[in-house]
>>> print(open('work-v5.cif').read())   # mmCIF, C-alpha atoms
data_run
#
loop_
_atom_site.label_atom_id
_atom_site.label_comp_id
_atom_site.auth_asym_id
_atom_site.auth_seq_id
_atom_site.Cartn_x
_atom_site.Cartn_y
_atom_site.Cartn_z
CA MET A 1 -41.05 -15.68 31.78
CA HIS A 2 -40.90 -13.45 28.74
CA LYS A 3 -42.86 -10.25 28.94
CA LYS A 4 -46.40 -10.46 27.65
CA VAL A 5 -47.18 -9.19 24.17
CA LEU A 6 -50.36 -7.30 23.30
CA PHE A 7 -51.24 -7.91 19.66
CA PRO A 8 -53.50 -5.32 17.99
CA ALA A 9 -55.82 -7.07 15.54
CA ILE A 10 -56.36 -6.06 11.95
CA ASP A 11 -59.22 -8.11 10.54
CA LEU A 12 -59.53 -7.81 6.77
CA LYS A 13 -62.83 -8.06 4.91
CA ASP A 14 -63.10 -6.91 1.29
CA GLY A 15 -59.81 -5.01 1.63
CA GLN A 16 -60.96 -3.02 4.66
CA CYS A 17 -60.11 -3.18 8.35
CA VAL A 18 -63.21 -4.43 10.22
CA ARG A 19 -64.35 -6.09 13.43
CA LEU A 20 -66.95 -8.83 13.46
CA LYS A 21 -69.40 -9.56 16.22
CA LEU A 22 -69.36 -13.21 17.32
CA GLY A 23 -67.59 -14.18 14.10
CA ASP A 24 -70.55 -13.20 11.92
CA MET A 25 -69.49 -11.79 8.55
CA ASP A 26 -72.84 -9.98 8.33
CA GLN A 27 -72.09 -8.13 11.58
CA ALA A 28 -68.97 -6.27 10.45
CA THR A 29 -68.04 -2.75 11.51
CA VAL A 30 -65.57 -0.98 9.22
CA TYR A 31 -62.92 0.83 11.29
CA ASN A 32 -60.46 1.79 8.59
CA THR A 33 -60.60 1.60 4.81
CA ASP A 34 -56.77 1.67 4.70
CA PRO A 35 -55.36 -1.37 6.57
CA ALA A 36 -51.74 -0.33 5.92
CA ALA A 37 -52.35 3.05 7.57
CA GLN A 38 -53.97 1.27 10.51
CA ALA A 39 -50.95 -1.01 10.83
CA LYS A 40 -48.60 1.98 10.81
CA ALA A 41 -50.72 3.71 13.46
CA PHE A 42 -50.46 0.66 15.74
CA GLU A 43 -46.70 0.52 15.20
CA ASP A 44 -46.40 4.23 16.02
CA GLN A 45 -48.33 3.64 19.27
CA GLY A 46 -45.61 1.25 20.39
CA PHE A 47 -47.07 -2.16 19.62
CA GLU A 48 -44.34 -4.68 18.80
CA TRP A 49 -46.41 -7.18 16.82
CA LEU A 50 -49.42 -7.10 14.49
CA HIS A 51 -52.11 -9.78 14.31
CA VAL A 52 -53.78 -9.89 10.88
CA VAL A 53 -56.70 -12.08 9.82
CA ASP A 54 -57.96 -12.54 6.27
CA LEU A 55 -61.63 -13.06 7.12
CA ASN A 56 -62.74 -13.68 3.54
CA GLY A 57 -59.85 -16.12 3.23
CA ALA A 58 -60.95 -18.07 6.30
CA PHE A 59 -64.30 -18.75 4.63
CA ALA A 60 -62.97 -19.20 1.09
CA GLY A 61 -60.06 -21.46 2.05
CA GLU A 62 -57.55 -19.32 0.14
CA SER A 63 -56.02 -15.86 0.43
CA VAL A 64 -58.50 -13.16 -0.59
CA ASN A 65 -57.04 -10.01 0.99
CA GLY A 66 -53.46 -10.64 -0.11
CA ASP A 67 -52.99 -7.13 -1.51
CA ALA A 68 -53.99 -5.55 1.82
CA VAL A 69 -51.63 -7.87 3.71
CA GLU A 70 -48.76 -7.01 1.38
CA ALA A 71 -49.48 -3.31 1.87
CA ILE A 72 -49.29 -3.84 5.66
CA LEU A 73 -45.95 -5.65 5.32
CA LYS A 74 -44.59 -2.78 3.25
CA ALA A 75 -45.93 -0.06 5.58
CA THR A 76 -44.42 -1.36 8.83
CA ASP A 77 -41.29 -2.91 10.25
CA SER A 78 -43.27 -4.81 12.90
CA PRO A 79 -43.39 -8.60 12.82
CA VAL A 80 -46.78 -9.71 11.49
CA GLN A 81 -48.70 -12.91 12.12
CA LEU A 82 -51.41 -13.83 9.59
CA GLY A 83 -54.27 -16.28 9.66
CA GLY A 84 -57.20 -17.03 7.37
CA GLY A 85 -57.31 -19.37 4.41
CA ILE A 86 -53.72 -20.59 4.54
CA ARG A 87 -54.03 -24.29 3.79
CA THR A 88 -50.93 -25.51 1.88
CA LEU A 89 -47.17 -25.63 2.32
CA GLU A 90 -46.75 -23.58 -0.88
CA HIS A 91 -49.06 -20.93 0.53
CA ILE A 92 -47.06 -20.79 3.77
CA GLU A 93 -43.79 -20.57 1.89
CA ALA A 94 -45.07 -17.75 -0.33
CA TRP A 95 -46.14 -15.65 2.66
CA ILE A 96 -42.90 -16.13 4.56
CA ALA A 97 -40.99 -15.22 1.40
CA ARG A 98 -42.98 -11.94 1.31
CA GLY A 99 -41.82 -11.03 4.79
CA LEU A 100 -44.49 -12.51 7.04
CA THR A 101 -43.03 -13.50 10.42
CA ARG A 102 -45.64 -16.03 11.51
CA VAL A 103 -48.32 -18.00 9.68
CA ILE A 104 -51.38 -19.08 11.67
CA LEU A 105 -52.87 -22.42 10.67
CA GLY A 106 -56.45 -22.94 11.84
CA THR A 107 -58.88 -25.14 9.89
CA VAL A 108 -56.06 -27.08 8.25
CA ALA A 109 -54.61 -27.92 11.69
CA VAL A 110 -57.84 -29.80 12.40
CA ARG A 111 -58.28 -31.31 8.94
CA ASN A 112 -54.62 -32.12 8.23
CA PRO A 113 -52.45 -32.05 11.38
CA ALA A 114 -49.52 -33.53 9.40
CA LEU A 115 -49.21 -30.22 7.52
CA VAL A 116 -48.48 -28.42 10.80
CA PHE A 117 -45.59 -30.80 11.53
CA GLU A 118 -44.29 -30.46 7.99
CA ALA A 119 -44.56 -26.66 8.07
CA CYS A 120 -42.74 -26.48 11.43
CA THR A 121 -39.93 -28.61 9.99
CA HIS A 122 -39.52 -26.34 6.96
CA PHE A 123 -40.15 -23.05 8.77
CA PRO A 124 -39.17 -23.38 12.44
CA ASP A 125 -40.45 -20.56 14.69
CA HIS A 126 -42.73 -19.30 11.92
CA ILE A 127 -45.82 -21.46 12.49
CA ALA A 128 -48.66 -20.83 14.94
CA VAL A 129 -51.83 -22.85 15.39
CA GLY A 130 -55.13 -21.02 15.72
CA ILE A 131 -57.64 -22.85 17.88
CA ASP A 132 -61.09 -21.33 17.79
CA ALA A 133 -63.60 -22.75 20.25
CA LYS A 134 -67.34 -22.63 20.62
CA GLY A 135 -68.71 -24.25 23.75
CA GLY A 136 -65.31 -25.86 24.38
CA LYS A 137 -65.24 -27.58 20.96
CA VAL A 138 -63.01 -26.59 18.06
CA ALA A 139 -64.68 -24.63 15.24
CA VAL A 140 -63.42 -24.58 11.64
CA GLU A 141 -64.05 -22.97 8.24
CA GLY A 142 -64.12 -19.40 9.51
CA TRP A 143 -66.12 -20.54 12.57
CA ALA A 144 -68.97 -21.65 10.33
CA GLU A 145 -68.69 -25.25 11.46
CA ALA A 146 -68.10 -26.96 14.80
CA SER A 147 -66.13 -30.17 15.21
CA GLU A 148 -66.27 -32.78 17.96
CA LEU A 149 -62.66 -32.13 18.87
CA GLY A 150 -61.81 -30.73 22.30
CA VAL A 151 -59.47 -27.74 22.54
CA VAL A 152 -56.82 -29.37 24.76
CA GLU A 153 -57.06 -32.58 22.73
CA LEU A 154 -56.17 -30.67 19.55
CA ALA A 155 -53.43 -28.60 21.20
CA LYS A 156 -51.72 -31.72 22.58
CA LYS A 157 -51.40 -33.12 19.04
CA PHE A 158 -48.84 -30.41 18.31
CA GLU A 159 -46.87 -30.66 21.54
CA ASP A 160 -43.75 -31.93 19.77
CA ALA A 161 -44.23 -30.21 16.43
CA GLY A 162 -42.24 -27.05 17.17
CA VAL A 163 -45.23 -24.70 17.02
CA ALA A 164 -44.27 -21.13 17.99
CA ALA A 165 -47.62 -20.33 19.62
CA ILE A 166 -51.24 -21.35 19.98
CA ILE A 167 -53.76 -18.57 19.46
CA TYR A 168 -56.86 -19.50 21.41
CA THR A 169 -60.11 -17.71 20.58
CA ASP A 170 -63.37 -18.10 22.45
CA ILE A 171 -65.88 -17.35 19.67
CA ASP A 172 -68.71 -16.80 22.15
CA ARG A 173 -66.81 -13.76 23.44
CA ASP A 174 -65.27 -12.39 20.27
CA GLY A 175 -66.12 -8.81 19.44
CA VAL A 176 -68.59 -8.39 22.31
CA LEU A 177 -66.24 -6.91 24.94
CA THR A 178 -67.25 -9.27 27.75
CA GLY A 179 -63.71 -10.10 28.87
CA ILE A 180 -61.42 -12.96 27.96
CA ASN A 181 -62.39 -16.49 28.99
CA TRP A 182 -59.56 -16.73 31.51
CA GLU A 183 -60.56 -20.08 32.93
CA ALA A 184 -60.43 -21.93 29.61
CA THR A 185 -57.38 -20.01 28.36
CA ILE A 186 -55.33 -20.67 31.50
CA ALA A 187 -56.39 -24.34 31.51
CA LEU A 188 -55.10 -24.67 27.94
CA ALA A 189 -51.83 -22.89 28.76
CA GLU A 190 -51.27 -25.24 31.68
CA ALA A 191 -52.07 -28.34 29.60
CA VAL A 192 -49.39 -27.77 26.96
CA SER A 193 -45.83 -26.43 26.82
CA ILE A 194 -46.55 -24.35 23.70
CA PRO A 195 -46.97 -20.61 24.44
CA VAL A 196 -50.66 -19.61 24.38
CA ILE A 197 -51.99 -16.26 23.17
CA ALA A 198 -55.48 -15.31 24.38
CA SER A 199 -57.98 -13.96 21.89
CA GLY A 200 -61.63 -12.96 21.95
CA GLY A 201 -63.35 -10.60 24.33
CA LEU A 202 -60.52 -8.40 25.65
CA ALA A 203 -62.60 -5.52 26.98
CA SER A 204 -60.56 -3.15 29.12
CA ILE A 205 -57.39 -2.40 31.02
CA ASP A 206 -58.63 -4.89 33.65
CA ASP A 207 -58.07 -7.72 31.17
CA VAL A 208 -54.56 -6.45 30.49
CA ARG A 209 -53.86 -6.31 34.26
CA ARG A 210 -55.31 -9.80 34.64
CA MET A 211 -52.63 -11.06 32.27
CA THR A 212 -49.92 -10.01 34.70
CA GLN A 213 -51.29 -12.18 37.54
CA PRO A 214 -49.30 -15.25 38.64
CA ASP A 215 -51.82 -17.77 37.27
CA CYS A 216 -51.34 -16.25 33.80
CA ALA A 217 -47.58 -16.81 33.94
CA LYS A 218 -47.71 -19.28 31.07
CA LEU A 219 -49.66 -16.97 28.76
CA ALA A 220 -47.56 -15.37 26.01
CA GLY A 221 -49.95 -12.50 25.48
CA ALA A 222 -53.35 -11.46 24.18
CA ILE A 223 -54.98 -10.03 21.09
CA SER A 224 -57.09 -6.89 21.23
CA GLY A 225 -59.42 -5.68 18.52
CA ARG A 226 -62.63 -3.84 19.23
CA ALA A 227 -61.48 -2.41 22.60
CA LEU A 228 -58.59 -0.64 20.87
CA TYR A 229 -60.72 0.63 17.99
CA ASP A 230 -63.49 1.84 20.29
CA GLY A 231 -61.07 3.63 22.57
CA ARG A 232 -61.97 1.51 25.61
CA LEU A 233 -58.35 0.47 25.84
CA ASP A 234 -55.64 3.13 25.96
CA PRO A 235 -52.59 1.76 24.10
CA VAL A 236 -50.10 3.74 26.18
CA GLU A 237 -51.59 2.55 29.48
CA ALA A 238 -51.96 -1.05 28.28
CA LEU A 239 -48.35 -1.31 27.15
CA ALA A 240 -47.14 0.35 30.37
CA VAL A 241 -49.06 -2.24 32.44
CA LEU A 242 -47.41 -5.09 30.55
CA ARG A 243 -43.98 -3.52 31.06
CA GLY A 244 -44.74 -3.36 34.79
CA GLU A 245 -44.58 0.44 34.87
CA VAL A 246 -48.04 1.13 36.27
#
>>> encode(input="work-v5.cif", output="structure tokens")
Amino acid sequence: MHKKVLFPAIDLKDGQCVRLKLGDMDQATVYNTDPAAQAKAFEDQGFEWLHVVDLNGAFAGESVNGDAVEAILKATDSPVQLGGGIRTLEHIEAWIARGLTRVILGTVAVRNPALVFEACTHFPDHIAVGIDAKGGKVAVEGWAEASELGVVELAKKFEDAGVAAIIYTDIDRDGVLTGINWEATIALAEAVSIPVIASGGLASIDDVRRMTQPDCAKLAGAISGRALYDGRLDPVEALAVLRGEV
């Protein structure tokens, strides 16, 4: 098993680094007006990856915070994964050409699964699928809309596509620091062979420790947002736990 990765989240709204509460654009807290500086700070703390979301893009269906993302790519050497509003092969190609390591396809994976297969063929190892769930059902369009599709049902569609990772977010826990939905996340990881990254609700060092337990063996890592920004999670301690040092 590869070592677990902790992905610090940079959520972009109107060019600023924010955190939403329960996916509500009206409940945004601005944490940094300079996303590139925030990205550099995370890199300096020892994080190996960056998880970036274009929140406006997720609702608009196209890139809105492209300038901020490009500034992040220029400011750091870390691999970056980006989601939010990426809906076409041309869009994917343009971002990878600009130095993005991984593109996260969310709404389009539900609406047009064939694009995921096509993208994986053209850009192997560069495509992740973002599955956002509310009450166990997949949500789309920046979480504004629920579908009738089950999480595992959607994930299984991409079993043979060559997807690098599935990023699974429990919307009911996102930004409220109540802990990751381990039961649902582990069930998903066990249902598919694609590496699963947990997202939504990571609250403390206990969640990071939980990731190192045997039943989480199939998890590739987790994303942390608010807990890092609020200081509830110490980056040094968290990374040491994942390296098995403490």
>>> resolve_selection(input="work-v5.cif", expression="the PyMOL selection byres ((chain A and resi 102) around 8)", output="VMD selection string")
chain A and resid 79 to 82 96 100 to 101 103 to 104 125 to 128
>>> residues_around(input="work-v5.cif", residues="range 66-70 of chain A", least_positions_apart="2", cutoff="8 Å", atoms="all atoms listed in the file", output="ChimeraX atom specification")
/A:12,15-16,35-36,52,63-64,72-74,98
>>> residues_around(input="work-v5.cif", residues="Ile205 in chain A", least_positions_apart="5", cutoff="10 Å", atoms="only C-alpha atoms", output="VMD selection string")
chain A and resid 210 to 211 227 232 to 235 237 to 239 241
>>> atom_distance(input="work-v5.cif", atom1="CA of Cys120 in chain A", atom2="CA of Lys137 in chain A")
24.5 Å
>>> atom_distance(input="work-v5.cif", atom1="CA of Ser199 in chain A", atom2="CA of Leu219 in chain A")
11.2 Å
>>> residues_around(input="work-v5.cif", residues="Leu22 in chain A", least_positions_apart="4", cutoff="8 Å", atoms="all atoms listed in the file", output="PDB file with C-alpha atoms, in the coordinates of the input")
ATOM      1  CA  ILE A 171     -65.880 -17.350  19.670  1.00  0.00           C
ATOM      2  CA  ASP A 172     -68.710 -16.800  22.150  1.00  0.00           C
ATOM      3  CA  ARG A 173     -66.810 -13.760  23.440  1.00  0.00           C
ATOM      4  CA  ASP A 174     -65.270 -12.390  20.270  1.00  0.00           C
ATOM      5  CA  GLY A 175     -66.120  -8.810  19.440  1.00  0.00           C
ATOM      6  CA  VAL A 176     -68.590  -8.390  22.310  1.00  0.00           C
TER       7      VAL A 176
END
>>> resolve_selection(input="work-v5.cif", expression="the PyMOL selection byres ((chain A and resi 48) around 12)", output="VMD selection string")
chain A and resid 3 to 8 39 to 47 49 to 51 76 to 81 221 235 239
>>> write_last_selection(input="work-v5.cif", atoms="C-alpha atoms", output="PDB file, in the coordinates of the input")
ATOM      1  CA  LYS A   3     -42.860 -10.250  28.940  1.00  0.00           C
ATOM      2  CA  LYS A   4     -46.400 -10.460  27.650  1.00  0.00           C
ATOM      3  CA  VAL A   5     -47.180  -9.190  24.170  1.00  0.00           C
ATOM      4  CA  LEU A   6     -50.360  -7.300  23.300  1.00  0.00           C
ATOM      5  CA  PHE A   7     -51.240  -7.910  19.660  1.00  0.00           C
ATOM      6  CA  PRO A   8     -53.500  -5.320  17.990  1.00  0.00           C
ATOM      7  CA  ALA A  39     -50.950  -1.010  10.830  1.00  0.00           C
ATOM      8  CA  LYS A  40     -48.600   1.980  10.810  1.00  0.00           C
ATOM      9  CA  ALA A  41     -50.720   3.710  13.460  1.00  0.00           C
ATOM     10  CA  PHE A  42     -50.460   0.660  15.740  1.00  0.00           C
ATOM     11  CA  GLU A  43     -46.700   0.520  15.200  1.00  0.00           C
ATOM     12  CA  ASP A  44     -46.400   4.230  16.020  1.00  0.00           C
ATOM     13  CA  GLN A  45     -48.330   3.640  19.270  1.00  0.00           C
ATOM     14  CA  GLY A  46     -45.610   1.250  20.390  1.00  0.00           C
ATOM     15  CA  PHE A  47     -47.070  -2.160  19.620  1.00  0.00           C
ATOM     16  CA  TRP A  49     -46.410  -7.180  16.820  1.00  0.00           C
ATOM     17  CA  LEU A  50     -49.420  -7.100  14.490  1.00  0.00           C
ATOM     18  CA  HIS A  51     -52.110  -9.780  14.310  1.00  0.00           C
ATOM     19  CA  THR A  76     -44.420  -1.360   8.830  1.00  0.00           C
ATOM     20  CA  ASP A  77     -41.290  -2.910  10.250  1.00  0.00           C
ATOM     21  CA  SER A  78     -43.270  -4.810  12.900  1.00  0.00           C
ATOM     22  CA  PRO A  79     -43.390  -8.600  12.820  1.00  0.00           C
ATOM     23  CA  VAL A  80     -46.780  -9.710  11.490  1.00  0.00           C
ATOM     24  CA  GLN A  81     -48.700 -12.910  12.120  1.00  0.00           C
ATOM     25  CA  GLY A 221     -49.950 -12.500  25.480  1.00  0.00           C
ATOM     26  CA  PRO A 235     -52.590   1.760  24.100  1.00  0.00           C
ATOM     27  CA  LEU A 239     -48.350  -1.310  27.150  1.00  0.00           C
TER      28      LEU A 239
END
>>> atom_distance(input="work-v5.cif", atom1="CA of Gly201 in chain A", atom2="CA of Glu62 in chain A")
26.4 Å
>>> residues_near_point(input="work-v5.cif", point="(-49.4, -28.8, 19.8)", cutoff="7 Å", atoms="all atoms listed in the file", output="CSV table (one decimal) with C-alpha atoms, keeping the file's coordinate frame")
chain,number,residue,atom,x,y,z
A,155,ALA,CA,-53.4,-28.6,21.2
A,156,LYS,CA,-51.7,-31.7,22.6
A,157,LYS,CA,-51.4,-33.1,19.0
A,158,PHE,CA,-48.8,-30.4,18.3
A,159,GLU,CA,-46.9,-30.7,21.5
A,160,ASP,CA,-43.8,-31.9,19.8
A,161,ALA,CA,-44.2,-30.2,16.4
A,163,VAL,CA,-45.2,-24.7,17.0
A,194,ILE,CA,-46.6,-24.4,23.7
>>> axis_aligned_box(input="work-v5.cif", around="range 92-102 of chain A", padding_each_side="3 Å", output="lines of an AutoDock Vina configuration file")
center_x = -44.0
center_y = -15.9
center_z = 5.6
size_x = 12.1
size_y = 15.8
size_z = 17.8
>>> residues_around(input="work-v5.cif", residues="Leu105 in chain A", least_positions_apart="4", cutoff="9 Å", atoms="all atoms listed in the file", output="list in words")
Leu82, Gly83, Gly84, Gly85, Ile86, Arg87, Ala109, Val116, Ile127, Ala128, Val129, Gly130 and Ile131 of chain A
>>> write_last_selection(input="work-v5.cif", atoms="C-alpha atoms", output="PDB file, keeping the file's coordinate frame")
ATOM      1  CA  LEU A  82     -51.410 -13.830   9.590  1.00  0.00           C
ATOM      2  CA  GLY A  83     -54.270 -16.280   9.660  1.00  0.00           C
ATOM      3  CA  GLY A  84     -57.200 -17.030   7.370  1.00  0.00           C
ATOM      4  CA  GLY A  85     -57.310 -19.370   4.410  1.00  0.00           C
ATOM      5  CA  ILE A  86     -53.720 -20.590   4.540  1.00  0.00           C
ATOM      6  CA  ARG A  87     -54.030 -24.290   3.790  1.00  0.00           C
ATOM      7  CA  ALA A 109     -54.610 -27.920  11.690  1.00  0.00           C
ATOM      8  CA  VAL A 116     -48.480 -28.420  10.800  1.00  0.00           C
ATOM      9  CA  ILE A 127     -45.820 -21.460  12.490  1.00  0.00           C
ATOM     10  CA  ALA A 128     -48.660 -20.830  14.940  1.00  0.00           C
ATOM     11  CA  VAL A 129     -51.830 -22.850  15.390  1.00  0.00           C
ATOM     12  CA  GLY A 130     -55.130 -21.020  15.720  1.00  0.00           C
ATOM     13  CA  ILE A 131     -57.640 -22.850  17.880  1.00  0.00           C
TER      14      ILE A 131
END
>>> residues_around(input="work-v5.cif", residues="Thr88 in chain A", least_positions_apart="6", cutoff="9 Å", atoms="all atoms listed in the file", output="number ranges by chain")
A: 108, 115, 119
>>> write_last_selection(input="work-v5.cif", atoms="C-alpha atoms", output="PDB file, keeping the file's coordinate frame")
ATOM      1  CA  VAL A 108     -56.060 -27.080   8.250  1.00  0.00           C
ATOM      2  CA  LEU A 115     -49.210 -30.220   7.520  1.00  0.00           C
ATOM      3  CA  ALA A 119     -44.560 -26.660   8.070  1.00  0.00           C
TER       4      ALA A 119
END
>>> closest_residue(input="work-v5.cif", among="A:Ala164, A:Asp215, A:Cys17, A:Phe59", to="Ala37 in chain A", atoms="all atoms listed in the file")
A:Cys17
>>> resolve_selection(input="work-v5.cif", expression="the PyMOL selection byres ((chain A and resi 179) around 7)", output="ChimeraX atom specification")
/A:177-178,180-181,201-203,207
>>> residues_near_point(input="work-v5.cif", point="(-62.3, -10.9, 9.5)", cutoff="6 Å", atoms="all atoms listed in the file", output="compact mmCIF listing (two decimals) with C-alpha atoms, in the frame of the given file")
# COMPACT_ATOMS: atom_id res chain seq x y z
CA ASP A 11 -59.22 -8.11 10.54
CA LEU A 12 -59.53 -7.81 6.77
CA LYS A 13 -62.83 -8.06 4.91
CA VAL A 53 -56.70 -12.08 9.82
CA ASP A 54 -57.96 -12.54 6.27
CA LEU A 55 -61.63 -13.06 7.12
>>> closest_residue(input="work-v5.cif", among="A:Arg209, A:Lys134, A:Arg243, A:Arg226", to="Leu20 in chain A", atoms="only C-alpha atoms")
A:Arg226
